[in-house]
Structure formats: C-alpha cells, structure tokens
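Below is one structure, written out as structure tokens; comments come after it.
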Amino acid sequence: MSELFDNGVTETMPLKEYTESAYLNYSMYVINDRALPHIGDGLKPVQRRIIYAMSQLGLGAEAKFVKSARTIGDVIGKFHPHGDSASYEAMVLMAQPFSYRYPLVDGQGNWGSPDDPKSFAAMRYTESRLTRYAQVLLRELGMGTVEWTPNFDGAFEEPVTLPARLPNILLNGGTGIAVGMATDIPPHNLREVASACIHLLEAPKSSISDLCEHIKGPDYPTEAEIISSEQDIRQLYETGRGSVRMRAVYNIESSEIVIIALPYQVSGTKILEQIAAQMQNKKLPMVVDLRDESDHENPTRIVIVPRSNRVDFEGVMNHLFATTDLERTYRVNFNMIGIDGRPRVKDLKVILSEWIKFRSETLRRRLQFRLDKILERLHVLEGLMIAYLNIDEVIKIVRTQDKPKAALVTRYKLSERQADAILDLRLRQLGKLEETKIKAEQDELNAERADLEKTIGSKVRLKTLIKNELMADAAEFGDERMSPIVERTDARAFREKDLISTEPVTIVLSDKGWVRAARGHEIDPTELAYRSGDSFKLAIKGSSNQDVVFLDSTGRAYTVAVHTLPSARGQGDPLTSRVTPPTGATFEGLATGNEAQQFVVSSDTGYGFVTTLADMKTKNKAGKSLLSIPSNGIAIQPAVVSNYEKNWLAAFSSEGRLLIFPVRELPIMGRGKGIKIMNIPKARLTDRTEFVIAVLVFPESESLVVHSGKRHIKLKFADLDHYRGERARRGHKLPRGFQKIDFVELLSCISRTAS
C-alpha cells in the first residue's frame with residue numbers, strides 16, 4: 001500500500017498494517033467521539049455540543065423558545081459536522097420526558113409520544129430551550145473548570161467535557177453501539193445517587209453493598225414496577241453487567257383489568273395489538289373485550305374485560321406478562337469512557353469514585369480560577385491605592401510625560417497591569433471616597449482569598465464543599481422514585497389445558513381397558529353402555545382441565561389430559577391407543593387432582609407408600625415405573641389422601657380381613673416398593689389364596705361400606721376399634737357373610753374399589 005504525502009514523498013507499507021491501523025483509528029473515533037458517554041458529564045459528543053450550542057445562543061430555562069432548526073444549524077455548522085437529522089434526533093431524545101429521566105431540553109410542539117417516540121415534528125416546526133436541570137452541566141462552564149479544544153475547522157473552541165455538578169452518567173443513563181462494544185446504562189434517581197456519593201465521600205472504603213443501601217436500583221421515567229430480585233440488582237452493580245425486568249402495573253376496577261403503567265419505552269398501541277391477536281387466535285377465551293381509554297389525564301389506561309367475575313384476574317395478567325411486552329427485560333452494561341479517556345465496563349463503586357475524582361478536580365479548578373481572579377484584582381487594587389495616595393503626582397506625570405505608563409512603572413515600581421488600571425481611571429473616580437471603597441474591597445477579597453486557599457489546600461474542606469453542593473442540587477432538582485422496586489413471582493403463560501373451560505367430569509375405565517369422560521359428578525358409571533363382553537371397572541371424579549394418571553398391573557404410571565378423552569355418549573377408546581403398556585399388563589388404577597394431591601400407591605402383596613400426583617405424572621407414552629411389585633403381584637387402585645397427618649388407612653384382604661392404622665405411618669416417596677401395609681403369609685401370596693384387594697383412606701367422619709353379593713355393611717369410625725392395629729399386622733376378620741368381598745367404598749364417594 002502506497003501513500004503520497006504533501007512533500008511528494010511516497011511511503012510504502014504492507015496492506016495488512018494499513019488496514020489494521022485504519023480500522024483501529026476508525027474504531028477509536030466511533031468509541032470516543034460518537035457512541036459512548038463520558039463518565040464526567042454522562043454525555044456523548046453530539047449531546048454535549050447541542051447543550052453547549054444552546055447555551056451559547058442564550059437559550060436558558062428563562063429564555064424564549066427558539067426554533068429547533070436554529071439550534072441544529074449552529075450545532076452542525078460549528079461543532080458537529082454530521083447529518084442534521086441525526087443531530088435533531090439526539091436533541092429530541094433529550095427533550096422527551098418518557099425517554100430521559102431528567103430531560104435536558106425543554107421542547108414546545110410535537111416532540112413524539114410514548115406510543116411512537118419517533119412521531120416528532122420536523123425541526124422547522126418545533127421550538128426548544130434548555131431545562132433548569134441543564135444548569136447542573138453548564139453553571140460552572142466559564143470558570144476555568146474544563147479543558148477546551150478547537151472545533152473541526154479551528155474556527156471556534158468547544159469544551160472537552162461539561163463541568164457536571166451531579167453524576168449525570170447514572171441519572172439519565174444512555175445507550176450506544178460502538179465498534180466491538182456497546183453500552184446500556186439505565187437511569188437512576190437523583191436523590192439516591194447523590195446520597196450514595198455523599199456516603200462514599202464520608203466512607204471511601206464502602207462496599208458496593210453499602211452503596212446499594214442508598215441506590216436501590218435503576219429508576220426509569222415510568223411508573224411500571226421493577227421486579228428484579230435484590231440479588232440480581234446487586235449483582236449488576238458488582239459486575240457492571242446484567243439485566244433489569246420491568247412489569248406493567250394494573251388495577252381491578254368493577255371486575256375489569258385496567259393497566260395504568262407500561263414498562264420503559266413500551267408502546268400502548270403495540271400492547272393492544274398483541275392482546276387482540278391472542279383474542280383472535282382464541283388463546284384468551286376468558287377475555288371478551290379490550291379498550292384503550294388513554295387520554296391527556298390518563299396517559300396509559302388499557303381496559304381488559306374478562307368474560308365473568310369468576311375469571312382468575314391474576315392468572316390472566318401472568319399469562320399476558322409472559323407473552324406480551326407488558327413485561328420486558330432490559331440489558332444493563334456500564335460501559336463508558338473513564339477519566340483516563342479509555343472505555344471500560346465499571347462497577348458502581350468505580351463509577352462513583354471516578355466521578356467524585358472528576359468533580360474534585362473540577363471544583364479545585366473552579367476555586368483556583370476564582371483565586372487567580374482575586375489575586376489579579378488585589379494586584380490592581382494595590383496599584384490603585386498607590387495612585388490615590390499620590391494622586392497629585394500621578395496627575396502631574398500623566399499630564400507632563402510623553403510616556404506616562406513607563407514613567408509610572410519606574411516611579412512607583414508598578415506592573416504594566418497596574419499602570420494600565422491607573423491610566424484607565426475616569427475623572428469621576430478620583431474622589432475622596434474611592435480610597436475607602438478600595439480598602440473595603442481589599443478586605444473583602446483578602447477574606448475570600450484566605451478561605452479559598454484553605455479550601456484548596458484541605459481535602460476535608462473540598463469534600464465538605466462537594467457534599468454541600470450535592471445536597472443543594474439534590475434539594476433543587478431531586479424527586480421521588482418513579483419506578484417502584486417490587487419482588488414478584490415469575491409470570492407463566494397459559495398451557496393448552498388452562499384455556500379449556502373447567503367442568504366437572506367423571507373418568508370411567510372399563511374392565512377391558514376402554515376409557516371415556518362423562519360430564520358431571522352425578523352419573524352412575526355402572527349404568528353406562530359397555531361393549532359386548534366388557535363391563536365397568538373403575539371411575540373417579542375430576543375436572544376437564546386436569547390430567548389423569550393410569551396405573552397398570554406392573555406398577556407403571558401413564559398420564560393423559562382429561563380434555564382429550566372421548567365423551568361418555570359413546571363407549572370410549574382403548575387406553576392402549578394413547579399409552580403403550582408392557583405386553584400382558586392391565587390397567588388397575590387411576591388418579592387425578594392437583595399436582596400436590598397425595599395418594600397411597602400399593603400392590604396386592606401388601607406393600608405401598610404415599611406419593612403426590614406430580615410424582616406420578618409422566619410425559620411419554622411409555623410411562624414410568626412408579627411402584628415396584630413382585631412377580632406374583634399386581635397394583636391396586638390408589639387411595640386419595642386428604643390429610644396425611646389425620647387420615648386413617650383401611651386395608652382389606654381377599655379372606656375378609658381388615659386392618660386400620662394412621663396413614664402417617666407410611667413414608668412419602670417418589671417411587672419404589674414402599675413398606676409393608678398388611679401382613680399376608682408368603683405361602684398364601686405365592687398360591688394366590690390370599691392377597692390385598694383394596695386400600696382406602698378416610699377421615700374419622702367417614703364411613704366404610706363393604707359389599708358382598710347383595711349384602712353390604714356400613715362401618716362407622718366408632719365401629720372400627722376392633723380392626724385398629726399396628727402397621728404390617730394381618731388384621732381381623734369381618735363379620736360372618738363378608739369373608740368374600742365384592743368391593744368396598746366410602747359412603748360419600750362414587751368411585752369404587754373393585755375386588
């Protein structure tokens with residue numbers, strides 16, 4: 001690669017080196033001069049130039065509004081030689097109260113809306129001036145506080161940074177994409193940040209946890225909730241990276257859901273579109289209407305009308321939080337240009353410490369600038385005092401000498417500055433009272449000089465001055481937190497079965513393994529029509545939006561959604577079309593309810609345990625092994641446990657024996673064989689002459705009904721003392737005539753446990 005210089009000399013260098021150097025130069029330009037904010041004033045170059053240009057035009061908070069095109073013309077003509085549209089968009093962003101926590105530009109006209117931030121009018125229509133808060137950045141600009149640099153053509157000078165009195169880098173935050181890096185700094189509350197700075201000044205060894213006692217988290221210009229946990233917020237301050245979650249705020253008014261605050265930069269129009277799309281796709285059957293009642297007094301008011309007041313409002317909102325922009329996650333990346341001029345990701349303590357160092361240097365320069373002005377004025381006053389003490393001779397020298405300045409310097413050993421001041425005196429200032437005025441001014445300035453010298457030479461006095469100014473600015477510009485920090489549970493979208501209407505159903509299983517679901521809990525499953533050679537086996541009450549678990553003879557469990565089962569108007573479908581049990585296995589039990597519902601799972605060999613429906617469920621057609629059963633045994637119908645601590649268990653054997661003991665004597669397990677419930681002699685189990693035919697769980701208020709042929713016996717709890725015993729005993733025989741049991745049931749329960 002060759003490059004021709006002005007002197008005609010051509011330099012040759014490898015293309016690799018040239019491209020690498022050019023790319024790095026471009027990268028550093030984008031990083032430093034366009035994309036990343038400076039830690040000192042929290043501004044990117046274009047923002048800094050807009051504010052400085054407006055201050056030069058005299059567009060303070062008390063000034064009249066001026067056309068934005070006038071300001072942008074100055075910005076791009078004097079300081080920022082880029083496109084006018086990009087500069088105007090940067091200006092608009094600083095004027096939008098829904099984008100900036102503490103706006104720097106006061107706009108008049110159409111500056112966009114939360115629904116469409118880019119709907120602002122052209123700059124020839126809008127007018128602008130600086131806000132009062134902008135004085136935080138500009139108040140000390142002309143006091144020797146910052147470095148200056150020539151503009152792009154050398155015709156003007158511009159400040160390298162603005163002398164910010166508050167850490168604007170955190171207050172308004174900022175976003176930007178550079179080459180190879182990006183920044184996402186969220187806004188914060190002014191009072192909280194000022195309090196943290198004061199604490200760090202008083203205790204420089206404070207930890208980030210200590211600072212987080214003052215800065216609770218970001219504070220966006222919206223009343224939506226920040227729902228990130230305290231641990232997550234602290235972690236992002238410790239690492240400089242992380243994320244923040246925000247969630248909309250809603251109220252319940254007259255059985256309607258009213259959304260009153262949206263997350264940062266979320267459009268209400270987009271929310272309406274997202275909810276309406278779900279309603280059209282029948283993913284929100286419980287919502288019948290949607291209205292936008294937003295107006296000037298209520299900027300956000302979106303009304304969701306449920307089908308009835310029985311709808312779970314919290315469930316609907318949790319679904320919308322999970323599936324729409326009513327809940328959003330914002331990336332946080334504290335990447336900024338430090339006081340050393342280098343971009344880096346910084347934690348909270350480093351940010352505040354560097355800003356305090358920047359502020360200390362700015363303040364020291366301001367004080368030194370003022371001290372220099374005082375010393376210069378005292379020097380002039382000293383010369384004036386000499387002149388007044390020798391006024392007649394001074395007048396004579398001025399009248400008679402060709403070069404009075406040189407004569408004065410020689411005669412009274414004055415400096416040129418003092419001589420110029422004497423020669424610039426007006427006749428009216430030669431009165432007798434001027435000497436008194438000079439002495440008074442000297443005394444006042446000497447007192448101020450002494451105070452300034454003490455402050456400049458004392459770190460403690462400098463810190464105190466910074467703290468006092470922080471407190472004053474916090475009192476003048478601070479406000480209450482807008483975004484409350486609230487811990488909420490994670491939102492969950494509706495599953496398919498959640499969208500199904502909740503109706504009572506009775507799941508019926510036939511002896512041949514055919515299954516169906518009948519509406520209601522009042523039906524008698526024995527009266528349903530069955531296929532030739534088939535008959536009723538088991539039934540259980542449930543709900544259309546639940547799952548039902550089937551237990552086969554080998555102890556494997558299978559899960560089927562109730563709403564997918566065929567209606568009881570027909571004869572049902574074979575269960576083997578939905579699940580794949582081992583060859584020869586039969587279905588012996590079924591269970592349904594909520595996932596925390598407990599059941600006693602047991603086999604006819606007399607072993608079992610307590611488990612929950614959640615542990616019984618499976619996701620595949622092959623099911624899972626739930627109950628370990630010996631080769632000569634089979635599983636029996638699970639028994640519902642309503643109260644593990646207070647319920648009783650009744651175990652019946654095929655020889656008419658009954659054993660009753662507390663359910664709590666059985667362990668709670670996820671799977672396995674369990675422990676012995678009823679003691680059946682091994683020999684009798686082997687030849688199948690005796691085995692457990694049923695296990696029921698009941699409270700003391702319930703009665704057991706034992707059926708044998710056409711006879712039945714009802715046993716109340718008071719009648720069961722004879723059958724109570726320790727777990728793993730054989731039990732006592734039922735009365736004569738009930739040694740052969742057909743089935744047993746609870747008096748209030750429609751489901752039967754067959755022999």
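Just so we're on the same page: first chain in the structure tokens is A, next is B, and so on; residues restart at 1 for each chain, and ligands are numbered from 1 in the order they show up.
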
>> Just want the 8 Å neighbourhood of Phe369 (chain A), counted on only C-alpha atoms, with same-chain residues fewer than 6 positions away dropped. Output as a PyMOL selection string.
In response: chain A and resi 143-145

Output the selection as a short mmCIF file (atom, residue, chain, number, x, y, z; two decimals), in the first residue's frame - N, CA and C atoms for each residue.
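Written out: selection.cif:
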```
data_model
loop_
_atom_site.label_atom_id
_atom_site.label_comp_id
_atom_site.auth_asym_id
_atom_site.auth_seq_id
_atom_site.Cartn_x
_atom_site.Cartn_y
_atom_site.Cartn_z
N MET A 143 -15.79 29.08 34.28
CA MET A 143 -14.99 29.29 35.49
C MET A 143 -13.68 28.53 35.48
N GLY A 144 -13.15 28.26 34.29
CA GLY A 144 -11.87 27.57 34.19
C GLY A 144 -11.91 26.14 34.64
N THR A 145 -13.08 25.51 34.55
CA THR A 145 -13.25 24.16 35.12
C THR A 145 -12.91 23.04 34.16
#
```

Residue neighbourhood region 249-251 of chain A, 6 Å, only C-alpha atoms, exclusion window fewer than 5 positions, as a PDB file with C-alpha atoms, in the first residue's frame:
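Writing done, so here's around.pdb:
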```
ATOM      1  CA  ALA A 224     -44.099   0.432  35.943  1.00  0.00           C
ATOM      2  CA  ILE A 257     -58.497  -5.164  34.492  1.00  0.00           C
ATOM      3  CA  VAL A 258     -57.121  -1.639  33.980  1.00  0.00           C
ATOM      4  CA  ILE A 259     -53.439  -1.278  33.004  1.00  0.00           C
ATOM      5  CA  ILE A 260     -52.210   2.111  34.262  1.00  0.00           C
ATOM      6  CA  ALA A 261     -48.424   1.994  33.677  1.00  0.00           C
TER       7      ALA A 261
END
```

> DSSP on the backbone: what in region 355-591 of chain A comes out alpha helix (DSSP H), as number ranges by chain?
Replying inline: A: 355-389, 391-400, 404-412, 416-423, 433-456, 459-477

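The space separating CA of Leu348 (chain A) from CA of Ser229 (chain A) comes to 17.4 Å.
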
> DSSP on the backbone: what in region 669-755 of chain A comes out strand (DSSP E or B), as an NGL selection string?
Replying inline: :A and (672 or 675-676 or 692-698 or 704-708 or 711-715 or 724 or 732-733 or 743-746 or 753-754)

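For Ser510 (chain A), the residues within 8 Å (counting only C-alpha atoms, excluding itself and residues fewer than 2 positions away along the chain) are Val508, Lys512, Gly513, Trp514, Val515, Tyr530, Asp534, Ser535, Phe536, Lys537 and Leu538 of chain A.
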
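Residues in contact range of Glu382 (chain A), defined as at most 10 Å between only C-alpha atoms, with sequence neighbours fewer than 6 positions away removed, read Glu376, Leu414, Gln418, Ile438, Lys439 and Gln442 of chain A.
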
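For the atom pair formed by CA of Phe120 (chain A) and CA of Ile50 (chain A), the distance is 17.8 Å, given to one decimal.
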
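Between CA of Pro37 (chain A) and CA of Lys205 (chain A) the separation is 26.5 Å.
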
> From the list A:Ile337, A:Leu211, A:Met246, A:Ile680, which residue is nearest Val266 (chain A) when using only C-alpha atoms?
Replying inline: A:Met246

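Residue nearest His199 (chain A), chosen from A:Val160, A:Phe313, A:Thr506, A:Lys467 and counting only C-alpha atoms: A:Lys467.
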
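For His319 (chain A), the residues within 6 Å (counting only C-alpha atoms, excluding itself and residues fewer than 6 positions away along the chain) are Arg492, Ala493 and Phe494 of chain A.
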
>> Taking 6 positions as the minimum chain separation for residues in the same chain, which residues sit within 7 Å of Gln598 (chain A) when counting only C-alpha atoms? Answer as a list of chain:residue names.
In response: A:Val610, A:Thr611, A:Thr612, A:Leu613, A:Val640, A:Val641

Residues of region 339-379 of chain A at most 12 Å from region 178-198 of chain A: nearest atom pair and distance in Å, only C-alpha atoms, as a tab-separated table:
```
residue	atom	partner	partner_atom	distance
A:Pro343	CA	A:Met181	CA	9.2
A:Arg344	CA	A:Met181	CA	9.5
A:Val345	CA	A:Thr183	CA	8.6
A:Lys346	CA	A:Ile185	CA	10.8
A:Asp347	CA	A:Ile185	CA	11.4
A:Leu348	CA	A:Ala196	CA	10.0
A:Lys349	CA	A:Cys197	CA	9.5
A:Val350	CA	A:Cys197	CA	11.4
A:Ile351	CA	A:Cys197	CA	10.1
A:Leu352	CA	A:Cys197	CA	6.4
A:Ser353	CA	A:Cys197	CA	8.2
A:Glu354	CA	A:Cys197	CA	10.8
A:Trp355	CA	A:Cys197	CA	9.0
A:Ile356	CA	A:Cys197	CA	7.4
A:Lys357	CA	A:Cys197	CA	11.1
A:Arg359	CA	A:Cys197	CA	10.9
```

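Using only C-alpha atoms, the smallest distance between any of A:Ser85, A:Ser631, A:Thr10, A:Gln597 and Arg688 (chain A) comes from A:Ser631.
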